[in-house]
Amino acid sequence: MHFSVKNGCFGYHKNLILNNISFDIHSGEVLCILGSNGVGKTTLLKCMMGLLAWQTGATYVDDVCATDIPHKKFWQRIAYVPQSKGSAFAFTVFDMVMLGRSAHLGTFEQPSKKDEELSLQAMEEVGIVHLKDKLCTQIIGGELQMVLIARALTVNPELLVLDEPESNLDFKNQLMVLEIIQHLANEHGISSIINTHYPQHALKIGTNALILNRDGTSCFGNTCAIVDETNMKKSFNVQVHINEFEFECKRYNNVTPIRVLE
């Protein structure tokens, strides 16, 4: 899949939030979207998925404008994973994951044995089969985030869109989510677009990065070239230091915030 946004603009009440946004992503790539609070990261996700209408510009899937693609066909190729904020519904984990198959069912069609098998496969992929019969109201945040990812995978998507998937999680669960995203890209060619507050996470798993600035400008490109000290200073108004180090024959980047700038 080739997913792209060309010259996207959007604003509320004549206040332009997203100005001339352009980016693209191919199969097996991970795009990380960065920017300070309120800069329009979630709005961007909604616009590119058609949940909000671009004022100018457009989203394209394999060079076809998204508005020309039937709604159901669009959502059979793309899956959305919202922020995990706890479940208000006492579904079992298995039932919650099964809900993802709705994109492939008719209005009154009941899930089949195949739908159940695909749901179990998705749970196995993210390592949550042992939670199958637990209620979603009784599991922790990291586990619920994995449930939402498994639910998205039941669609057999080519692209996952994740809104801050590692927020409000401890170090271990953050790392588990990042490793799942990277595994899906490397082993299954499933692309991901993620909003994140963590530049270090973008450097860890991002093929490319898109940084949104408060003045409506943005920059897009290779993650290591885009997530640098200059762009962090401009976007977040924070002085940072980025250094590379080696551990067990692998290279890593560390992002250290130094001070808030005037």
# chains A, B, ... in the order shown; residues from 1 in each chain; ligands from 1

call {"tool": "residues_around", "arguments": {"residues": "A:Asn195", "least_positions_apart": "2", "cutoff": "9 Å", "atoms": "only C-alpha atoms", "output": "list in words"}}
result
Leu31, Cys32, Ile33, Leu34, Gly35, Lys41, Thr42, Leu45, Val161, Leu162, Asp163, Glu164, Pro165, Ile193 and His197 of chain A

call {"tool": "write_last_selection", "arguments": {"atoms": "C-alpha atoms", "output": "PDB file, in the first residue's frame"}}
result
ATOM      1  CA  LEU A  31       5.680   6.982  10.346  1.00  0.00           C
ATOM      2  CA  CYS A  32       5.894   8.791  13.698  1.00  0.00           C
ATOM      3  CA  ILE A  33       4.057  12.100  14.130  1.00  0.00           C
ATOM      4  CA  LEU A  34       5.491  14.453  16.752  1.00  0.00           C
ATOM      5  CA  GLY A  35       4.481  17.849  18.103  1.00  0.00           C
ATOM      6  CA  LYS A  41      -1.737  15.559  15.880  1.00  0.00           C
ATOM      7  CA  THR A  42      -5.081  13.850  16.573  1.00  0.00           C
ATOM      8  CA  LEU A  45      -5.247  11.510  12.071  1.00  0.00           C
ATOM      9  CA  VAL A 161      -3.184   4.200  12.599  1.00  0.00           C
ATOM     10  CA  LEU A 162      -2.418   4.498  16.325  1.00  0.00           C
ATOM     11  CA  ASP A 163      -3.111   7.533  18.506  1.00  0.00           C
ATOM     12  CA  GLU A 164      -0.464   7.732  21.268  1.00  0.00           C
ATOM     13  CA  PRO A 165      -0.349   3.935  21.761  1.00  0.00           C
ATOM     14  CA  ILE A 193       1.271   5.773  11.501  1.00  0.00           C
ATOM     15  CA  HIS A 197       5.005  12.358  22.635  1.00  0.00           C
TER      16      HIS A 197
END

call {"tool": "select_by_dssp", "arguments": {"residues": "stretch 12-232 of chain A", "states": "alpha helix (DSSP H)", "output": "PDB file with C-alpha atoms, in the first residue's frame"}}
result
ATOM      1  CA  LYS A  41      -1.737  15.559  15.880  1.00  0.00           C
ATOM      2  CA  THR A  42      -5.081  13.850  16.573  1.00  0.00           C
ATOM      3  CA  THR A  43      -6.824  16.256  14.190  1.00  0.00           C
ATOM      4  CA  LEU A  44      -4.372  15.167  11.500  1.00  0.00           C
ATOM      5  CA  LEU A  45      -5.247  11.510  12.071  1.00  0.00           C
ATOM      6  CA  LYS A  46      -8.953  12.289  11.804  1.00  0.00           C
ATOM      7  CA  CYS A  47      -8.489  14.289   8.598  1.00  0.00           C
ATOM      8  CA  MET A  48      -6.341  11.709   6.869  1.00  0.00           C
ATOM      9  CA  HIS A  71     -16.294   3.544   2.944  1.00  0.00           C
ATOM     10  CA  LYS A  72     -16.298  -0.183   3.683  1.00  0.00           C
ATOM     11  CA  LYS A  73     -13.401  -0.929   1.313  1.00  0.00           C
ATOM     12  CA  PHE A  74     -11.349   1.862   2.915  1.00  0.00           C
ATOM     13  CA  TRP A  75     -11.826   0.416   6.403  1.00  0.00           C
ATOM     14  CA  GLN A  76     -10.992  -3.098   5.210  1.00  0.00           C
ATOM     15  CA  ARG A  77      -7.485  -1.855   4.412  1.00  0.00           C
ATOM     16  CA  VAL A  93     -11.201  -9.697  25.758  1.00  0.00           C
ATOM     17  CA  PHE A  94     -12.205 -12.193  23.058  1.00  0.00           C
ATOM     18  CA  ASP A  95     -15.510 -10.396  22.368  1.00  0.00           C
ATOM     19  CA  MET A  96     -13.726  -7.025  22.202  1.00  0.00           C
ATOM     20  CA  VAL A  97     -11.236  -8.375  19.679  1.00  0.00           C
ATOM     21  CA  MET A  98     -14.067  -9.967  17.657  1.00  0.00           C
ATOM     22  CA  LYS A 113     -16.042 -19.772  12.710  1.00  0.00           C
ATOM     23  CA  LYS A 114     -13.463 -18.114  10.452  1.00  0.00           C
ATOM     24  CA  ASP A 115     -14.019 -14.789  12.219  1.00  0.00           C
ATOM     25  CA  GLU A 116     -13.372 -16.500  15.546  1.00  0.00           C
ATOM     26  CA  GLU A 117     -10.200 -18.116  14.204  1.00  0.00           C
ATOM     27  CA  LEU A 118      -8.908 -14.800  12.845  1.00  0.00           C
ATOM     28  CA  SER A 119      -9.600 -13.148  16.198  1.00  0.00           C
ATOM     29  CA  LEU A 120      -7.620 -15.837  18.012  1.00  0.00           C
ATOM     30  CA  GLN A 121      -4.776 -15.456  15.507  1.00  0.00           C
ATOM     31  CA  ALA A 122      -4.664 -11.721  16.174  1.00  0.00           C
ATOM     32  CA  MET A 123      -4.546 -12.347  19.922  1.00  0.00           C
ATOM     33  CA  GLU A 124      -1.700 -14.825  19.433  1.00  0.00           C
ATOM     34  CA  GLU A 125       0.172 -12.263  17.326  1.00  0.00           C
ATOM     35  CA  VAL A 126       0.240  -9.747  20.193  1.00  0.00           C
ATOM     36  CA  GLY A 141      -3.715  -0.361  30.615  1.00  0.00           C
ATOM     37  CA  GLY A 142      -0.892  -2.120  28.785  1.00  0.00           C
ATOM     38  CA  GLU A 143      -3.017  -5.225  28.318  1.00  0.00           C
ATOM     39  CA  LEU A 144      -5.964  -3.174  27.054  1.00  0.00           C
ATOM     40  CA  GLN A 145      -3.697  -1.441  24.522  1.00  0.00           C
ATOM     41  CA  MET A 146      -2.704  -4.869  23.200  1.00  0.00           C
ATOM     42  CA  VAL A 147      -6.391  -5.831  23.013  1.00  0.00           C
ATOM     43  CA  LEU A 148      -7.104  -2.758  20.876  1.00  0.00           C
ATOM     44  CA  ILE A 149      -4.186  -3.591  18.574  1.00  0.00           C
ATOM     45  CA  ALA A 150      -5.416  -7.198  18.259  1.00  0.00           C
ATOM     46  CA  ARG A 151      -8.922  -5.914  17.467  1.00  0.00           C
ATOM     47  CA  ALA A 152      -7.454  -3.787  14.676  1.00  0.00           C
ATOM     48  CA  LEU A 153      -5.473  -6.729  13.301  1.00  0.00           C
ATOM     49  CA  PHE A 171       8.502   1.304  30.563  1.00  0.00           C
ATOM     50  CA  LYS A 172       7.846  -2.392  30.017  1.00  0.00           C
ATOM     51  CA  ASN A 173       4.448  -1.937  28.393  1.00  0.00           C
ATOM     52  CA  GLN A 174       5.710   0.963  26.262  1.00  0.00           C
ATOM     53  CA  LEU A 175       8.480  -1.267  24.952  1.00  0.00           C
ATOM     54  CA  MET A 176       6.054  -4.127  24.301  1.00  0.00           C
ATOM     55  CA  VAL A 177       3.806  -1.869  22.205  1.00  0.00           C
ATOM     56  CA  LEU A 178       6.772  -0.515  20.218  1.00  0.00           C
ATOM     57  CA  GLU A 179       8.078  -4.032  19.584  1.00  0.00           C
ATOM     58  CA  ILE A 180       4.672  -5.199  18.338  1.00  0.00           C
ATOM     59  CA  ILE A 181       4.469  -2.258  15.897  1.00  0.00           C
ATOM     60  CA  GLN A 182       7.985  -2.967  14.644  1.00  0.00           C
ATOM     61  CA  HIS A 183       7.300  -6.726  14.376  1.00  0.00           C
ATOM     62  CA  LEU A 184       4.152  -6.162  12.315  1.00  0.00           C
ATOM     63  CA  ALA A 185       6.066  -3.888   9.948  1.00  0.00           C
ATOM     64  CA  ASN A 186       9.131  -6.100   9.576  1.00  0.00           C
ATOM     65  CA  GLU A 187       7.471  -9.521   9.495  1.00  0.00           C
ATOM     66  CA  HIS A 188       4.073  -8.823   7.912  1.00  0.00           C
ATOM     67  CA  PRO A 199      11.077  11.603  20.229  1.00  0.00           C
ATOM     68  CA  GLN A 200      13.146   8.675  21.468  1.00  0.00           C
ATOM     69  CA  HIS A 201      10.413   6.240  20.425  1.00  0.00           C
ATOM     70  CA  ALA A 202      10.313   7.798  16.963  1.00  0.00           C
ATOM     71  CA  LEU A 203      14.080   7.308  16.652  1.00  0.00           C
ATOM     72  CA  LYS A 204      13.703   3.698  17.811  1.00  0.00           C
ATOM     73  CA  ILE A 205      11.028   2.461  15.381  1.00  0.00           C
ATOM     74  CA  THR A 223      13.529  10.025  11.170  1.00  0.00           C
ATOM     75  CA  CYS A 224      17.199  10.531  12.018  1.00  0.00           C
ATOM     76  CA  ALA A 225      17.333  13.626   9.800  1.00  0.00           C
ATOM     77  CA  ILE A 226      14.066  15.120  11.090  1.00  0.00           C
ATOM     78  CA  GLU A 229      18.149  19.098  18.180  1.00  0.00           C
ATOM     79  CA  THR A 230      17.222  22.016  15.887  1.00  0.00           C
ATOM     80  CA  ASN A 231      13.741  20.721  15.049  1.00  0.00           C
ATOM     81  CA  MET A 232      13.071  19.702  18.665  1.00  0.00           C
TER      82      MET A 232
END

call {"tool": "select_by_dssp", "arguments": {"residues": "stretch 104-239 of chain A", "states": "strand (DSSP E or B)", "output": "PyMOL selection string"}}
result
chain A and resi 135+159-163+191-195+208-212+218-222+238-239

call {"tool": "write_last_selection", "arguments": {"atoms": "N, CA, C and O atoms", "output": "PDB file, in the first residue's frame"}}
result
ATOM      1  N   LEU A 135     -12.527  -9.955  31.600  1.00  0.00           N
ATOM      2  CA  LEU A 135     -13.296  -8.773  31.232  1.00  0.00           C
ATOM      3  C   LEU A 135     -12.350  -7.606  30.980  1.00  0.00           C
ATOM      4  O   LEU A 135     -11.348  -7.434  31.674  1.00  0.00           O
ATOM      5  N   LEU A 159      -2.553  -1.019   6.838  1.00  0.00           N
ATOM      6  CA  LEU A 159      -2.059   0.141   7.571  1.00  0.00           C
ATOM      7  C   LEU A 159      -2.766   0.247   8.914  1.00  0.00           C
ATOM      8  O   LEU A 159      -3.989   0.175   8.979  1.00  0.00           O
ATOM      9  N   LEU A 160      -1.973   0.406   9.981  1.00  0.00           N
ATOM     10  CA  LEU A 160      -2.504   0.686  11.311  1.00  0.00           C
ATOM     11  C   LEU A 160      -2.278   2.160  11.626  1.00  0.00           C
ATOM     12  O   LEU A 160      -1.179   2.677  11.411  1.00  0.00           O
ATOM     13  N   VAL A 161      -3.303   2.816  12.142  1.00  0.00           N
ATOM     14  CA  VAL A 161      -3.184   4.200  12.599  1.00  0.00           C
ATOM     15  C   VAL A 161      -3.396   4.183  14.105  1.00  0.00           C
ATOM     16  O   VAL A 161      -4.454   3.774  14.584  1.00  0.00           O
ATOM     17  N   LEU A 162      -2.377   4.599  14.866  1.00  0.00           N
ATOM     18  CA  LEU A 162      -2.418   4.498  16.325  1.00  0.00           C
ATOM     19  C   LEU A 162      -2.234   5.876  16.955  1.00  0.00           C
ATOM     20  O   LEU A 162      -1.267   6.583  16.653  1.00  0.00           O
ATOM     21  N   ASP A 163      -3.152   6.234  17.837  1.00  0.00           N
ATOM     22  CA  ASP A 163      -3.111   7.533  18.506  1.00  0.00           C
ATOM     23  C   ASP A 163      -2.478   7.377  19.889  1.00  0.00           C
ATOM     24  O   ASP A 163      -3.105   6.852  20.816  1.00  0.00           O
ATOM     25  N   SER A 191       2.114  -1.432   7.622  1.00  0.00           N
ATOM     26  CA  SER A 191       2.594  -0.087   7.945  1.00  0.00           C
ATOM     27  C   SER A 191       1.878   0.440   9.182  1.00  0.00           C
ATOM     28  O   SER A 191       0.778  -0.010   9.508  1.00  0.00           O
ATOM     29  N   SER A 192       2.510   1.404   9.834  1.00  0.00           N
ATOM     30  CA  SER A 192       1.876   2.066  10.977  1.00  0.00           C
ATOM     31  C   SER A 192       2.141   3.565  10.917  1.00  0.00           C
ATOM     32  O   SER A 192       3.246   3.994  10.561  1.00  0.00           O
ATOM     33  N   ILE A 193       1.122   4.332  11.272  1.00  0.00           N
ATOM     34  CA  ILE A 193       1.271   5.773  11.501  1.00  0.00           C
ATOM     35  C   ILE A 193       0.898   6.000  12.949  1.00  0.00           C
ATOM     36  O   ILE A 193      -0.211   5.655  13.372  1.00  0.00           O
ATOM     37  N   ILE A 194       1.834   6.544  13.746  1.00  0.00           N
ATOM     38  CA  ILE A 194       1.549   6.722  15.162  1.00  0.00           C
ATOM     39  C   ILE A 194       1.809   8.162  15.602  1.00  0.00           C
ATOM     40  O   ILE A 194       2.771   8.794  15.177  1.00  0.00           O
ATOM     41  N   ASN A 195       0.918   8.673  16.433  1.00  0.00           N
ATOM     42  CA  ASN A 195       1.162   9.907  17.174  1.00  0.00           C
ATOM     43  C   ASN A 195       1.943   9.542  18.424  1.00  0.00           C
ATOM     44  O   ASN A 195       1.600   8.571  19.106  1.00  0.00           O
ATOM     45  N   ASN A 208      10.185   7.059   8.975  1.00  0.00           N
ATOM     46  CA  ASN A 208      10.129   8.501   8.732  1.00  0.00           C
ATOM     47  C   ASN A 208       9.420   9.183   9.893  1.00  0.00           C
ATOM     48  O   ASN A 208       8.736   8.522  10.693  1.00  0.00           O
ATOM     49  N   ALA A 209       9.573  10.492   9.964  1.00  0.00           N
ATOM     50  CA  ALA A 209       8.909  11.277  11.008  1.00  0.00           C
ATOM     51  C   ALA A 209       8.294  12.526  10.390  1.00  0.00           C
ATOM     52  O   ALA A 209       8.800  13.058   9.391  1.00  0.00           O
ATOM     53  N   LEU A 210       7.202  12.967  10.997  1.00  0.00           N
ATOM     54  CA  LEU A 210       6.539  14.218  10.624  1.00  0.00           C
ATOM     55  C   LEU A 210       6.412  15.046  11.893  1.00  0.00           C
ATOM     56  O   LEU A 210       5.822  14.590  12.871  1.00  0.00           O
ATOM     57  N   ILE A 211       6.985  16.229  11.894  1.00  0.00           N
ATOM     58  CA  ILE A 211       6.902  17.120  13.051  1.00  0.00           C
ATOM     59  C   ILE A 211       5.977  18.274  12.726  1.00  0.00           C
ATOM     60  O   ILE A 211       6.140  18.955  11.705  1.00  0.00           O
ATOM     61  N   LEU A 212       4.976  18.485  13.592  1.00  0.00           N
ATOM     62  CA  LEU A 212       4.037  19.591  13.452  1.00  0.00           C
ATOM     63  C   LEU A 212       4.455  20.725  14.386  1.00  0.00           C
ATOM     64  O   LEU A 212       4.748  20.491  15.561  1.00  0.00           O
ATOM     65  N   SER A 218       5.406  22.367   9.066  1.00  0.00           N
ATOM     66  CA  SER A 218       5.742  20.986   9.401  1.00  0.00           C
ATOM     67  C   SER A 218       6.982  20.578   8.636  1.00  0.00           C
ATOM     68  O   SER A 218       7.399  21.262   7.691  1.00  0.00           O
ATOM     69  N   CYS A 219       7.595  19.483   9.064  1.00  0.00           N
ATOM     70  CA  CYS A 219       8.715  18.924   8.305  1.00  0.00           C
ATOM     71  C   CYS A 219       8.585  17.407   8.301  1.00  0.00           C
ATOM     72  O   CYS A 219       8.196  16.800   9.294  1.00  0.00           O
ATOM     73  N   PHE A 220       8.916  16.806   7.171  1.00  0.00           N
ATOM     74  CA  PHE A 220       8.746  15.366   6.979  1.00  0.00           C
ATOM     75  C   PHE A 220       9.990  14.797   6.320  1.00  0.00           C
ATOM     76  O   PHE A 220      10.571  15.406   5.414  1.00  0.00           O
ATOM     77  N   GLY A 221      10.404  13.617   6.753  1.00  0.00           N
ATOM     78  CA  GLY A 221      11.540  12.958   6.122  1.00  0.00           C
ATOM     79  C   GLY A 221      12.055  11.823   6.974  1.00  0.00           C
ATOM     80  O   GLY A 221      11.396  11.377   7.920  1.00  0.00           O
ATOM     81  N   ASN A 222      13.245  11.339   6.637  1.00  0.00           N
ATOM     82  CA  ASN A 222      13.889  10.271   7.388  1.00  0.00           C
ATOM     83  C   ASN A 222      13.978  10.649   8.867  1.00  0.00           C
ATOM     84  O   ASN A 222      14.351  11.771   9.212  1.00  0.00           O
ATOM     85  N   VAL A 238      12.165  23.595  23.572  1.00  0.00           N
ATOM     86  CA  VAL A 238      12.977  22.958  24.604  1.00  0.00           C
ATOM     87  C   VAL A 238      14.357  22.651  24.025  1.00  0.00           C
ATOM     88  O   VAL A 238      14.460  22.148  22.896  1.00  0.00           O
ATOM     89  N   GLN A 239      15.390  22.968  24.786  1.00  0.00           N
ATOM     90  CA  GLN A 239      16.734  22.585  24.395  1.00  0.00           C
ATOM     91  C   GLN A 239      16.931  21.111  24.741  1.00  0.00           C
ATOM     92  O   GLN A 239      16.690  20.693  25.882  1.00  0.00           O
TER      93      GLN A 239
END

call {"tool": "residues_around", "arguments": {"residues": "A:Asp24", "least_positions_apart": "3", "cutoff": "9 Å", "atoms": "only C-alpha atoms", "output": "PyMOL selection string"}}
result
chain A and resi 2-6+31

call {"tool": "write_last_selection", "arguments": {"atoms": "N, CA, C and O atoms", "output": "PDB file, in the first residue's frame"}}
result
ATOM      1  N   HIS A   2       0.443   2.234  -0.741  1.00  0.00           N
ATOM      2  CA  HIS A   2       1.048   3.564  -0.706  1.00  0.00           C
ATOM      3  C   HIS A   2      -0.026   4.536  -0.206  1.00  0.00           C
ATOM      4  O   HIS A   2      -1.018   4.776  -0.878  1.00  0.00           O
ATOM      5  N   PHE A   3       0.171   5.048   0.997  1.00  0.00           N
ATOM      6  CA  PHE A   3      -0.785   5.963   1.632  1.00  0.00           C
ATOM      7  C   PHE A   3      -0.131   7.341   1.691  1.00  0.00           C
ATOM      8  O   PHE A   3       1.021   7.473   2.118  1.00  0.00           O
ATOM      9  N   SER A   4      -0.860   8.370   1.273  1.00  0.00           N
ATOM     10  CA  SER A   4      -0.258   9.700   1.256  1.00  0.00           C
ATOM     11  C   SER A   4      -1.283  10.794   1.514  1.00  0.00           C
ATOM     12  O   SER A   4      -2.487  10.613   1.302  1.00  0.00           O
ATOM     13  N   VAL A   5      -0.773  11.910   2.003  1.00  0.00           N
ATOM     14  CA  VAL A   5      -1.542  13.144   2.139  1.00  0.00           C
ATOM     15  C   VAL A   5      -0.812  14.212   1.334  1.00  0.00           C
ATOM     16  O   VAL A   5       0.420  14.334   1.435  1.00  0.00           O
ATOM     17  N   LYS A   6      -1.569  14.939   0.528  1.00  0.00           N
ATOM     18  CA  LYS A   6      -0.962  15.982  -0.303  1.00  0.00           C
ATOM     19  C   LYS A   6      -1.621  17.328  -0.024  1.00  0.00           C
ATOM     20  O   LYS A   6      -2.833  17.473  -0.181  1.00  0.00           O
ATOM     21  N   LEU A  31       5.610   5.521  10.320  1.00  0.00           N
ATOM     22  CA  LEU A  31       5.680   6.982  10.346  1.00  0.00           C
ATOM     23  C   LEU A  31       5.288   7.464  11.730  1.00  0.00           C
ATOM     24  O   LEU A  31       4.204   7.141  12.226  1.00  0.00           O
TER      25      LEU A  31
END

call {"tool": "residues_around", "arguments": {"residues": "A:Gly57", "least_positions_apart": "2", "cutoff": "9 Å", "atoms": "only C-alpha atoms", "output": "list in words"}}
result
Val5, Lys6, Asn7, Gly8, Cys9, Asn20, Ile21, Ser22, Trp54, Gln55 and Thr59 of chain A

call {"tool": "atom_distance", "arguments": {"atom1": "atom CA of A:Lys14", "atom2": "atom CA of A:Asn213"}}
result
17.7 Å

call {"tool": "closest_residue", "arguments": {"among": "A:Ile190, A:Val30, A:Val260, A:Met1", "to": "A:Lys233", "atoms": "only C-alpha atoms"}}
result
A:Val260

call {"tool": "closest_residue", "arguments": {"among": "A:Gln138, A:Asn254, A:Ser167, A:Asn37", "to": "A:Ser235", "atoms": "only C-alpha atoms"}}
result
A:Asn37
